[in-house]
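Quick look at start-v5.txt (compact mmCIF, C-alpha atoms):
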# COMPACT_ATOMS: atom_id res chain seq x y z
CA MET A 1 132.14 68.52 67.51
CA GLY A 2 128.37 69.17 67.46
CA GLU A 3 127.60 65.45 67.30
CA SER A 4 129.97 64.80 70.21
CA VAL A 5 128.23 67.43 72.33
CA LYS A 6 124.86 65.92 71.52
CA SER A 7 126.18 62.47 72.38
CA ILE A 8 127.58 63.68 75.71
CA ARG A 9 124.33 65.49 76.56
CA GLY A 10 122.33 62.40 75.67
CA CYS A 11 124.56 60.20 77.79
CA ALA A 12 124.35 62.65 80.70
CA LEU A 13 120.55 62.70 80.49
CA ARG A 14 120.35 58.91 80.38
CA CYS A 15 122.80 58.58 83.29
CA LEU A 16 120.90 61.16 85.36
CA LEU A 17 117.61 59.44 84.58
CA ALA A 18 119.03 56.03 85.45
CA ALA A 19 120.45 57.32 88.75
CA SER A 20 117.15 58.97 89.63
CA LEU A 21 115.26 55.77 88.84
CA VAL A 22 117.60 53.71 91.01
CA LEU A 23 117.12 56.09 93.95
CA LEU A 24 113.39 56.20 93.36
CA ALA A 25 113.15 52.43 93.27
CA ALA A 26 114.98 52.31 96.57
CA PHE A 27 112.73 54.82 98.33
CA THR A 28 109.33 54.42 96.65
CA ARG A 29 106.54 53.08 98.83
CA ASP A 30 106.00 50.10 96.54
CA ALA A 31 109.13 48.29 95.34
CA SER A 32 107.07 46.54 92.65
CA ALA A 33 105.95 49.83 91.06
CA GLN A 34 106.52 50.18 87.36
CA ILE A 35 108.52 53.29 86.59
CA TRP A 36 107.97 55.65 83.67
CA THR A 37 111.15 56.48 81.74
CA GLY A 38 109.60 58.27 78.75
CA LEU A 39 112.23 56.80 76.41
CA GLY A 40 109.72 55.51 73.86
CA ALA A 41 108.86 56.99 70.48
CA ASP A 42 105.53 58.45 71.71
CA ASP A 43 103.77 59.48 74.94
CA ASN A 44 101.49 56.45 75.25
CA TRP A 45 101.19 54.29 78.35
CA SER A 46 100.94 51.18 76.16
CA THR A 47 104.39 51.76 74.67
CA GLY A 48 106.72 49.36 76.49
CA ALA A 49 109.81 51.47 75.82
CA ASN A 50 108.35 54.22 78.03
CA TRP A 51 108.69 51.99 81.09
CA LEU A 52 111.70 50.68 82.98
CA GLY A 53 112.17 47.09 81.86
CA GLY A 54 110.55 47.68 78.47
CA THR A 55 107.07 46.37 79.33
CA ALA A 56 103.91 48.44 79.76
CA PRO A 57 102.10 47.99 83.11
CA ALA A 58 99.09 45.74 83.43
CA SER A 59 95.65 47.24 83.90
CA SER A 60 94.71 45.88 87.33
CA SER A 61 93.74 46.76 90.90
CA THR A 62 97.28 45.98 92.09
CA THR A 63 99.17 48.10 89.56
CA SER A 64 101.47 50.75 91.04
CA LEU A 65 102.95 53.41 88.77
CA THR A 66 105.76 55.88 89.47
CA PHE A 67 106.54 58.96 87.40
CA GLN A 68 109.86 60.65 88.14
CA ALA A 69 111.50 63.67 86.56
CA PRO A 70 113.74 64.13 84.72
CA ALA A 71 112.18 62.19 81.87
CA PRO A 72 112.16 63.01 78.15
CA ARG A 73 108.36 62.76 78.02
CA GLN A 74 106.32 64.31 80.83
CA SER A 75 103.02 64.71 78.95
CA THR A 76 101.79 61.15 79.16
CA VAL A 77 98.80 59.78 77.25
CA VAL A 78 96.59 57.02 78.66
CA ASP A 79 95.74 55.56 75.26
CA ALA A 80 93.28 52.94 76.59
CA PRO A 81 91.14 52.74 79.74
CA TRP A 82 93.47 51.73 82.59
CA THR A 83 92.94 50.41 86.11
CA VAL A 84 95.58 51.12 88.75
CA ASN A 85 95.91 50.99 92.50
CA GLN A 86 98.26 53.93 93.03
CA MET A 87 100.23 56.63 91.23
CA VAL A 88 103.34 58.27 92.67
CA ILE A 89 104.33 61.44 90.77
CA PHE A 90 107.55 63.41 91.30
CA GLY A 91 107.81 66.24 88.79
CA GLY A 92 105.50 68.39 86.72
CA PHE A 93 103.82 65.64 84.71
CA GLN A 94 100.66 66.13 82.68
CA PHE A 95 98.19 63.29 82.03
CA SER A 96 95.51 63.04 79.35
CA GLY A 97 93.53 60.50 77.36
CA GLN A 98 91.29 57.63 78.46
CA PRO A 99 89.74 57.10 81.95
CA ILE A 100 91.87 55.96 84.88
CA THR A 101 90.09 53.69 87.37
CA PHE A 102 91.43 53.49 90.93
CA ALA A 103 90.71 50.15 92.59
CA GLY A 104 92.10 47.66 95.07
CA THR A 105 93.35 48.20 98.62
CA ASN A 106 93.98 51.80 99.71
CA PRO A 107 94.07 53.45 96.28
CA HIS A 108 95.91 56.76 96.29
CA ILE A 109 97.81 59.43 94.40
CA GLN A 110 101.01 60.71 95.97
CA PHE A 111 102.72 63.65 94.27
CA SER A 112 105.37 66.30 94.66
CA ALA A 113 105.50 69.15 92.16
CA LEU A 114 104.33 72.73 91.85
CA SER A 115 101.94 71.93 89.01
CA ILE A 116 100.46 68.59 87.98
CA THR A 117 97.38 68.20 85.80
CA ILE A 118 95.35 65.03 85.31
CA ALA A 119 92.87 65.73 82.51
CA ASN A 120 91.64 62.12 82.31
CA PRO A 121 88.24 61.10 83.63
CA ILE A 122 88.73 59.31 86.95
CA VAL A 123 86.61 56.37 88.12
CA LEU A 124 86.47 55.35 91.80
CA THR A 125 85.63 51.92 93.13
CA ALA A 126 86.68 52.86 96.67
CA GLY A 127 87.86 55.93 98.54
CA LEU A 128 90.81 57.66 96.87
CA ASP A 129 93.38 59.46 99.05
CA LEU A 130 95.51 62.24 97.61
CA PHE A 131 98.42 63.69 99.54
CA ALA A 132 101.63 65.64 98.99
CA PRO A 133 104.11 68.10 100.46
CA PRO A 134 103.63 71.78 99.35
CA SER A 135 102.36 71.32 95.84
CA GLY A 136 99.38 71.61 93.51
CA LEU A 137 97.19 69.14 91.61
CA GLU A 138 94.45 69.90 89.10
CA LEU A 139 91.88 67.25 88.18
CA ASP A 140 90.06 68.32 85.00
CA GLY A 141 88.35 65.22 83.67
CA GLY A 142 85.49 64.75 86.14
CA ILE A 143 85.28 61.99 88.75
CA THR A 144 82.67 59.24 88.86
CA GLY A 145 82.12 56.08 90.89
CA THR A 146 81.17 54.99 94.38
CA GLY A 147 84.14 56.17 96.41
CA GLY A 148 85.06 59.49 97.97
CA LEU A 149 88.07 61.80 98.01
CA GLY A 150 90.42 62.42 100.91
CA LEU A 151 92.57 65.49 100.23
CA GLY A 152 95.66 66.01 102.36
CA GLY A 153 98.96 67.83 102.58
CA LEU A 154 100.02 71.09 104.22
CA THR A 155 99.82 74.10 101.86
CA VAL A 156 98.61 71.87 99.03
CA ARG A 157 96.02 73.25 96.62
CA TYR A 158 93.65 70.93 94.76
CA THR A 159 91.54 72.23 91.87
CA LEU A 160 88.58 70.15 90.72
CA ARG A 161 87.12 70.93 87.29
CA GLY A 162 84.78 69.03 85.03
CA VAL A 163 81.50 67.44 86.11
CA SER A 164 81.89 64.96 88.96
CA THR A 165 79.27 62.58 90.37
CA TYR A 166 81.20 60.36 92.81
CA THR A 167 79.10 59.38 95.80
CA GLY A 168 81.55 59.17 98.71
CA GLY A 169 81.92 62.87 99.50
CA THR A 170 85.09 64.93 99.98
CA ALA A 171 87.15 65.47 103.12
CA VAL A 172 89.66 68.34 103.12
CA GLY A 173 92.55 67.80 105.51
CA PRO A 174 94.63 70.17 107.66
CA GLY A 175 96.35 73.01 105.82
CA THR A 176 94.80 71.92 102.52
CA THR A 177 92.95 74.14 100.04
CA LEU A 178 90.19 72.90 97.72
CA ILE A 179 89.21 75.11 94.79
CA VAL A 180 86.04 74.02 93.00
CA GLY A 181 86.00 75.10 89.37
CA GLY A 182 83.51 72.55 88.05
CA THR A 183 80.67 70.56 89.61
CA VAL A 184 81.33 68.49 92.73
CA PRO A 185 78.78 66.46 94.71
CA GLY A 186 78.48 66.87 98.47
CA PRO A 187 79.11 66.55 101.19
CA VAL A 188 82.33 68.55 101.23
CA THR A 189 83.68 68.66 104.78
CA LEU A 190 86.44 70.77 106.32
CA THR A 191 87.12 69.71 109.89
CA SER A 192 90.87 70.15 110.22
CA ALA A 193 92.90 73.23 111.11
CA ASN A 194 93.65 75.78 108.39
CA ALA A 195 91.78 73.99 105.61
CA VAL A 196 90.23 76.32 103.02
CA LEU A 197 87.33 75.90 100.59
CA GLY A 198 86.74 78.28 97.69
CA GLY A 199 86.15 78.55 93.97
CA ALA A 200 83.54 79.59 91.45
CA GLY A 201 81.97 76.24 90.62
CA THR A 202 79.09 74.25 92.09
CA ILE A 203 78.90 71.92 95.09
CA SER A 204 75.56 70.21 94.63
CA GLY A 205 75.35 68.86 98.16
CA PRO A 206 76.02 70.00 101.73
CA VAL A 207 79.10 71.98 102.72
CA ILE A 208 80.34 71.72 106.31
CA VAL A 209 83.09 74.10 107.46
CA ASN A 210 84.11 73.51 111.07
CA GLY A 211 86.55 74.81 113.66
CA SER A 212 89.61 76.76 112.57
CA THR A 213 88.84 76.31 108.87
CA SER A 214 87.84 78.88 106.25
CA PHE A 215 85.16 79.33 103.62
CA ALA A 216 86.41 81.68 100.89
CA PRO A 217 83.88 81.72 98.04
CA GLY A 218 85.42 83.05 94.85
CA ALA A 219 88.97 82.48 96.12
CA VAL A 220 91.58 82.11 93.39
CA ILE A 221 88.89 81.71 90.72
CA ALA A 222 86.78 84.86 90.46
CA GLY A 223 83.06 84.17 90.66
CA ILE A 224 80.26 82.90 92.86
CA LEU A 225 80.48 79.51 94.57
CA ASP A 226 77.14 77.67 94.44
CA VAL A 227 76.50 75.22 97.27
CA GLY A 228 73.70 73.13 98.72
CA ASP A 229 73.22 73.41 102.48
CA LEU A 230 75.89 75.57 104.12
CA THR A 231 76.94 74.85 107.71
CA LEU A 232 79.63 77.36 108.57
CA ALA A 233 81.30 77.11 111.97
CA GLY A 234 84.65 78.40 110.69
CA ASN A 235 85.69 81.73 109.22
CA MET A 236 84.16 83.34 106.13
CA LEU A 237 86.83 85.21 104.16
CA VAL A 238 85.56 87.93 101.83
CA THR A 239 87.86 89.97 99.59
CA ILE A 240 86.31 93.17 98.23
CA ALA A 241 87.82 94.94 95.23
CA GLY A 242 84.63 96.65 94.01
CA THR A 243 80.86 96.34 93.89
CA ALA A 244 80.44 93.71 91.14
CA GLN A 245 79.28 90.49 92.79
CA GLY A 246 81.33 87.48 91.77
CA THR A 247 84.01 89.41 89.92
CA GLN A 248 85.08 92.11 92.37
CA TYR A 249 84.06 90.45 95.61
CA SER A 250 83.61 86.85 96.66
CA SER A 251 80.13 85.50 97.27
CA ALA A 252 78.21 82.29 97.85
CA SER A 253 74.83 81.22 96.51
CA VAL A 254 73.09 78.68 98.75
CA ALA A 255 70.33 76.42 97.42
CA GLY A 256 69.52 74.92 100.82
CA THR A 257 69.80 76.00 104.44
CA VAL A 258 72.30 78.45 105.93
CA ASP A 259 73.60 77.91 109.47
CA LEU A 260 76.22 80.40 110.71
CA THR A 261 76.30 79.23 114.33
CA GLY A 262 79.85 79.47 115.65
CA SER A 263 81.20 81.27 112.56
CA SER A 264 83.20 84.48 112.12
CA LEU A 265 83.64 87.05 109.35
CA SER A 266 86.86 88.53 107.93
CA LEU A 267 87.05 91.29 105.29
CA SER A 268 89.96 92.34 103.13
CA GLY A 269 90.58 94.19 99.88
CA THR A 270 91.58 97.62 98.63
CA TYR A 271 88.16 99.02 97.71
CA VAL A 272 86.88 101.98 99.72
CA PRO A 273 83.06 101.66 99.86
CA VAL A 274 80.80 104.65 99.32
CA PRO A 275 77.45 105.13 101.08
CA GLY A 276 74.78 102.98 99.46
CA ASP A 277 77.09 100.19 98.25
CA VAL A 278 75.56 96.76 98.96
CA PHE A 279 77.58 93.54 99.07
CA THR A 280 75.69 90.23 99.10
CA LEU A 281 77.94 87.78 100.90
CA ILE A 282 75.45 84.90 100.93
CA ALA A 283 72.49 84.76 98.55
CA ASN A 284 70.04 82.46 100.32
CA ASP A 285 67.35 80.99 98.07
CA ALA A 286 63.62 80.63 98.86
CA THR A 287 62.36 82.07 102.16
CA ASP A 288 64.13 80.02 104.84
CA PRO A 289 65.85 82.33 107.34
CA VAL A 290 69.55 82.32 108.13
CA VAL A 291 70.25 80.40 111.34
CA GLY A 292 72.82 81.89 113.72
CA THR A 293 75.10 84.88 113.24
CA PHE A 294 78.78 85.66 112.86
CA ALA A 295 80.56 85.90 116.22
CA GLY A 296 79.94 89.30 117.84
CA LEU A 297 77.91 90.54 114.89
CA PRO A 298 74.15 90.49 115.52
CA GLU A 299 71.62 91.91 113.08
CA GLY A 300 72.47 95.54 112.32
CA ALA A 301 76.03 95.35 113.66
CA THR A 302 78.69 97.36 111.87
CA VAL A 303 82.14 96.45 110.57
CA ASN A 304 84.88 98.56 109.04
CA LEU A 305 86.58 98.29 105.66
CA ASN A 306 89.26 100.80 104.73
CA GLY A 307 87.82 103.43 107.04
CA MET A 308 84.20 103.05 105.90
CA THR A 309 81.34 101.64 107.97
CA LEU A 310 79.35 98.67 106.68
CA ARG A 311 76.10 97.53 108.31
CA LEU A 312 75.50 93.77 108.43
CA SER A 313 72.12 92.16 107.87
CA TYR A 314 70.88 88.59 107.82
CA VAL A 315 67.54 89.65 106.33
CA GLY A 316 68.92 91.67 103.44
CA GLY A 317 68.42 91.33 99.71
CA THR A 318 65.30 89.24 99.11
CA GLY A 319 64.65 89.03 102.86
CA ASN A 320 66.96 86.22 103.92
CA ASP A 321 70.34 87.11 102.39
CA VAL A 322 73.50 88.07 104.27
CA THR A 323 74.48 91.55 103.14
CA LEU A 324 76.78 94.44 103.99
CA THR A 325 75.61 97.99 103.24
CA ALA A 326 77.92 100.98 103.33
CA VAL A 327 76.42 103.76 105.44
CA ALA A 328 77.19 107.47 105.58
CA PRO A 329 79.32 108.51 108.55
CA VAL A 330 77.40 110.11 111.41
CA VAL A 331 78.12 113.84 111.62
CA PRO A 332 77.93 115.13 115.22
CA ALA A 333 75.30 117.82 115.81
CA ALA A 334 76.67 121.36 116.09
CA ILE A 335 77.10 122.54 119.70
CA PRO A 336 75.59 126.05 120.31
CA GLN A 337 78.25 128.62 120.98
CA VAL A 338 78.08 130.43 124.36
CA PRO A 339 78.88 134.16 123.95
CA THR A 340 82.14 135.35 125.50
CA LEU A 341 82.30 138.23 128.00
CA SER A 342 83.13 140.73 125.27
CA GLU A 343 80.27 139.40 123.16
CA TRP A 344 77.90 139.90 126.13
CA ALA A 345 79.09 143.50 126.44
CA LEU A 346 78.29 144.16 122.82
CA VAL A 347 74.84 142.63 123.27
CA LEU A 348 74.12 144.84 126.33
CA LEU A 349 75.38 147.93 124.49
CA ALA A 350 73.16 147.18 121.54
CA MET A 351 70.17 146.67 123.86
CA GLY A 352 70.94 150.00 125.57
CA VAL A 353 71.10 151.87 122.28
CA LEU A 354 67.82 150.36 121.20
CA ALA A 355 66.18 151.30 124.54
CA ALA A 356 67.42 154.92 124.33
CA GLY A 357 66.14 155.23 120.84
CA ALA A 358 62.74 153.92 121.84
CA SER A 359 62.57 156.40 124.76
CA ARG A 360 63.23 159.39 122.47
CA VAL A 361 60.53 158.26 120.12
CA ARG A 362 57.98 158.11 122.96
CA ARG A 363 58.87 161.65 124.23
CA ARG A 364 58.20 163.15 120.85
How would this structure read if it were set down as structure tokens?
Amino acid sequence: MGESVKSIRGCALRCLLAASLVLLAAFTRDASAQIWTGLGADDNWSTGANWLGGTAPASSSTTSLTFQAPAPRQSTVVDAPWTVNQMVIFGGFQFSGQPITFAGTNPHIQFSALSITIANPIVLTAGLDLFAPPSGLELDGGITGTGGLGLGGLTVRYTLRGVSTYTGGTAVGPGTTLIVGGTVPGPVTLTSANAVLGGAGTISGPVIVNGSTSFAPGAVIAGILDVGDLTLAGNMLVTIAGTAQGTQYSSASVAGTVDLTGSSLSLSGTYVPVPGDVFTLIANDATDPVVGTFAGLPEGATVNLNGMTLRLSYVGGTGNDVTLTAVAPVVPAAIPQVPTLSEWALVLLAMGVLAAGASRVRRR
């Protein structure tokens, strides 16, 4: 009975996988893509039995790979350096092992899953586009090469870890969030609506945040986001949960210039500041002054957080930092009380008694 159940389950899994692969082959962008089945004895890319047709894909600039769940093996191992043109991933696959080089015409990664991790080093020979429906992709292995990254997809979150040195820059598309947890070269540019940049890593080059986009240092990953030049014409989002910089409130450390022309400031969080609390939103190195101000907030302007007043300065900290300082509420001066009619009568009576007493003293 037990063996029969196992046999039926195995048959059902194989049938479901086969049906999924047929549908995928019909709708995938590249009909020549090689499709991962995960039916081999290990997780390696070089194992032919892991691929539909029984042959491992070639390492070339025209190779297209598709990974579709369900599959018995979703933690795949790139057991030798591999060159591909595109990867299409449907399901929560994990990738590890040797470097993956993206080459050829229009290299890209297309994916659809709540959590996908590529831990392999990635090498670019041209610009690499990544796009998806609502989803998440984490690249942990570091990215090198001469191309750039184009990140797209509404409500998609990309997390970049490791040390990256690619030279083509990064463009963050509409509705897309980029979280930097490692080291990323600049420029990083947000020019499309509702894009968000945050994290606690390092962007070694310029950061440009334009239009209806947001700069949220420390978002998702607690810490301080280090950047090169910062040009902020979007919204700076700061969440304050306490006074510890980088752990209880988000902050940015800028190694170059700071230009806030056309920007705005938004505060959130549950912490109720007390007079004397200082929050350094942007730590600006050296002595170069901050250019521009947040919209409607000149030097010395005040903002409110949970009923407390915070005074904004662009010359705070070491003289050129952007800070918020909690100030004591202003207590109105006491208004002198004007005596009532009955109080005036008592005053006059007292004066009369005093005058009578003085007159008696003089007569004696």
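The protein and nucleic acid residues lying at most 6 Å from range 199-210 of chain A are A:Ile179, A:Val180, A:Gly181, A:Gly182, A:Thr183, A:Val184, A:Pro185, A:Gly186, A:Pro187, A:Val188, A:Thr189, A:Leu190, A:Thr191, A:Pro217, A:Gly218, A:Ala219, A:Ile221, A:Gly223, A:Ile224, A:Leu225, A:Asp226, A:Val227, A:Gly228, A:Asp229, A:Leu230, A:Thr231, A:Leu232, A:Ala233, A:Gly234, with only C-alpha atoms considered and sequence neighbours fewer than 6 positions away removed.
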Selected residues written out, C-alpha atoms, as a PDB file, keeping the file's coordinate frame:
ATOM      1  CA  ILE A 179      89.210  75.110  94.790  1.00  0.00           C
ATOM      2  CA  VAL A 180      86.040  74.020  93.000  1.00  0.00           C
ATOM      3  CA  GLY A 181      86.000  75.100  89.370  1.00  0.00           C
ATOM      4  CA  GLY A 182      83.510  72.550  88.050  1.00  0.00           C
ATOM      5  CA  THR A 183      80.670  70.560  89.610  1.00  0.00           C
ATOM      6  CA  VAL A 184      81.330  68.490  92.730  1.00  0.00           C
ATOM      7  CA  PRO A 185      78.780  66.460  94.710  1.00  0.00           C
ATOM      8  CA  GLY A 186      78.480  66.870  98.470  1.00  0.00           C
ATOM      9  CA  PRO A 187      79.110  66.550 101.190  1.00  0.00           C
ATOM     10  CA  VAL A 188      82.330  68.550 101.230  1.00  0.00           C
ATOM     11  CA  THR A 189      83.680  68.660 104.780  1.00  0.00           C
ATOM     12  CA  LEU A 190      86.440  70.770 106.320  1.00  0.00           C
ATOM     13  CA  THR A 191      87.120  69.710 109.890  1.00  0.00           C
ATOM     14  CA  PRO A 217      83.880  81.720  98.040  1.00  0.00           C
ATOM     15  CA  GLY A 218      85.420  83.050  94.850  1.00  0.00           C
ATOM     16  CA  ALA A 219      88.970  82.480  96.120  1.00  0.00           C
ATOM     17  CA  ILE A 221      88.890  81.710  90.720  1.00  0.00           C
ATOM     18  CA  GLY A 223      83.060  84.170  90.660  1.00  0.00           C
ATOM     19  CA  ILE A 224      80.260  82.900  92.860  1.00  0.00           C
ATOM     20  CA  LEU A 225      80.480  79.510  94.570  1.00  0.00           C
ATOM     21  CA  ASP A 226      77.140  77.670  94.440  1.00  0.00           C
ATOM     22  CA  VAL A 227      76.500  75.220  97.270  1.00  0.00           C
ATOM     23  CA  GLY A 228      73.700  73.130  98.720  1.00  0.00           C
ATOM     24  CA  ASP A 229      73.220  73.410 102.480  1.00  0.00           C
ATOM     25  CA  LEU A 230      75.890  75.570 104.120  1.00  0.00           C
ATOM     26  CA  THR A 231      76.940  74.850 107.710  1.00  0.00           C
ATOM     27  CA  LEU A 232      79.630  77.360 108.570  1.00  0.00           C
ATOM     28  CA  ALA A 233      81.300  77.110 111.970  1.00  0.00           C
ATOM     29  CA  GLY A 234      84.650  78.400 110.690  1.00  0.00           C
TER      30      GLY A 234
END
- Item | Residue among A:Asp129, A:Asp42, A:Asp259, A:Asp285 lying closest to Phe111 in chain A, counting only C-alpha atoms |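 Counting only C-alpha atoms, the residue closest to Phe111 in chain A is A:Asp129.
A straight line drawn from CA of Val258 in chain A to CA of Asn284 in chain A is 7.3 Å long.
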- Have a look at CA of Gln34 in chain A and CA of Leu154 in chain A and let me know their distance in Å, one decimal.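 Between CA of Gln34 in chain A and CA of Leu154 in chain A the gap works out to 27.6 Å.
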- Pick out the closest residue to Gln74 in chain A from this set: A:Thr325, A:Ser61, A:Gln86, A:Thr37. Count all atoms listed in the file.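 The closest residue to Gln74 in chain A is A:Thr37.
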- Task: Could you please give me, as a ChimeraX atom specification, the residues of protein, DNA or RNA lying at most 12 Å from (90.9, 54.8, 95.9) in the coordinate frame of the file, considering all atoms listed in the file?
- Result: /A:61-62,83-87,100-110,122-130,143-151,166,168
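Considering only C-alpha atoms, the residue among A:Gly169, A:Ser59, A:Thr323, A:Ser264 positioned nearest to Gln245 in chain A is A:Thr323.
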- Note on the structure: Correct to one decimal, the distance CA of Val315 in chain A-CA of Ile282 in chain A is 10.7 Å
- Query: Using only C-alpha atoms, which residue out of A:Ser32, A:Gly53, A:Leu137, A:Pro273 lies closest to Leu65 in chain A?
  - Reply: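 Using only C-alpha atoms, the shortest distance to Leu65 in chain A belongs to A:Ser32.
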Box centre and edge lengths (Å, one decimal), axis-aligned, range 280-284 of chain A plus 8 Å each side, as JSON:
{"center_x": 74.0, "center_y": 86.3, "center_z": 99.7, "size_x": 23.9, "size_y": 23.8, "size_z": 18.4}
- Note on the structure: Counting only C-alpha atoms, closest pick from A:Gln68, A:Asn194, A:Ser250, A:Asn120 relative to Val156 in chain A is A:Asn194
Quick one: residues within 10 Å of Ala113 in chain A, all atoms listed in the file, excluding same-chain residues fewer than 5 positions away - as a PDB file with C-alpha atoms, keeping the file's coordinate frame?
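Generated output (part27.pdb):
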ATOM      1  CA  ALA A  69     111.500  63.670  86.560  1.00  0.00           C
ATOM      2  CA  ILE A  89     104.330  61.440  90.770  1.00  0.00           C
ATOM      3  CA  PHE A  90     107.550  63.410  91.300  1.00  0.00           C
ATOM      4  CA  GLY A  91     107.810  66.240  88.790  1.00  0.00           C
ATOM      5  CA  GLY A  92     105.500  68.390  86.720  1.00  0.00           C
ATOM      6  CA  PHE A  93     103.820  65.640  84.710  1.00  0.00           C
ATOM      7  CA  ALA A 132     101.630  65.640  98.990  1.00  0.00           C
ATOM      8  CA  PRO A 133     104.110  68.100 100.460  1.00  0.00           C
ATOM      9  CA  PRO A 134     103.630  71.780  99.350  1.00  0.00           C
ATOM     10  CA  SER A 135     102.360  71.320  95.840  1.00  0.00           C
ATOM     11  CA  GLY A 136      99.380  71.610  93.510  1.00  0.00           C
ATOM     12  CA  LEU A 137      97.190  69.140  91.610  1.00  0.00           C
TER      13      LEU A 137
END
- Task: Using all atoms listed in the file, pick whichever of A:Ile118, A:Leu281, A:Leu260, A:Val77 has the shortest atom-to-atom distance to Arg161 in chain A.
- Result: A:Ile118
Kindly provide, as a PDB file with C-alpha atoms, in the coordinates of the input, the polymer residues lying within 7 Å of (107.8, 53.6, 85.5), counting all atoms listed in the file and using the coordinates exactly as they appear in the file.
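Written output follows (part.pdb):
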ATOM      1  CA  ALA A  33     105.950  49.830  91.060  1.00  0.00           C
ATOM      2  CA  GLN A  34     106.520  50.180  87.360  1.00  0.00           C
ATOM      3  CA  ILE A  35     108.520  53.290  86.590  1.00  0.00           C
ATOM      4  CA  TRP A  36     107.970  55.650  83.670  1.00  0.00           C
ATOM      5  CA  THR A  37     111.150  56.480  81.740  1.00  0.00           C
ATOM      6  CA  TRP A  51     108.690  51.990  81.090  1.00  0.00           C
ATOM      7  CA  LEU A  52     111.700  50.680  82.980  1.00  0.00           C
ATOM      8  CA  LEU A  65     102.950  53.410  88.770  1.00  0.00           C
ATOM      9  CA  THR A  66     105.760  55.880  89.470  1.00  0.00           C
ATOM     10  CA  PHE A  67     106.540  58.960  87.400  1.00  0.00           C
TER      11      PHE A  67
END
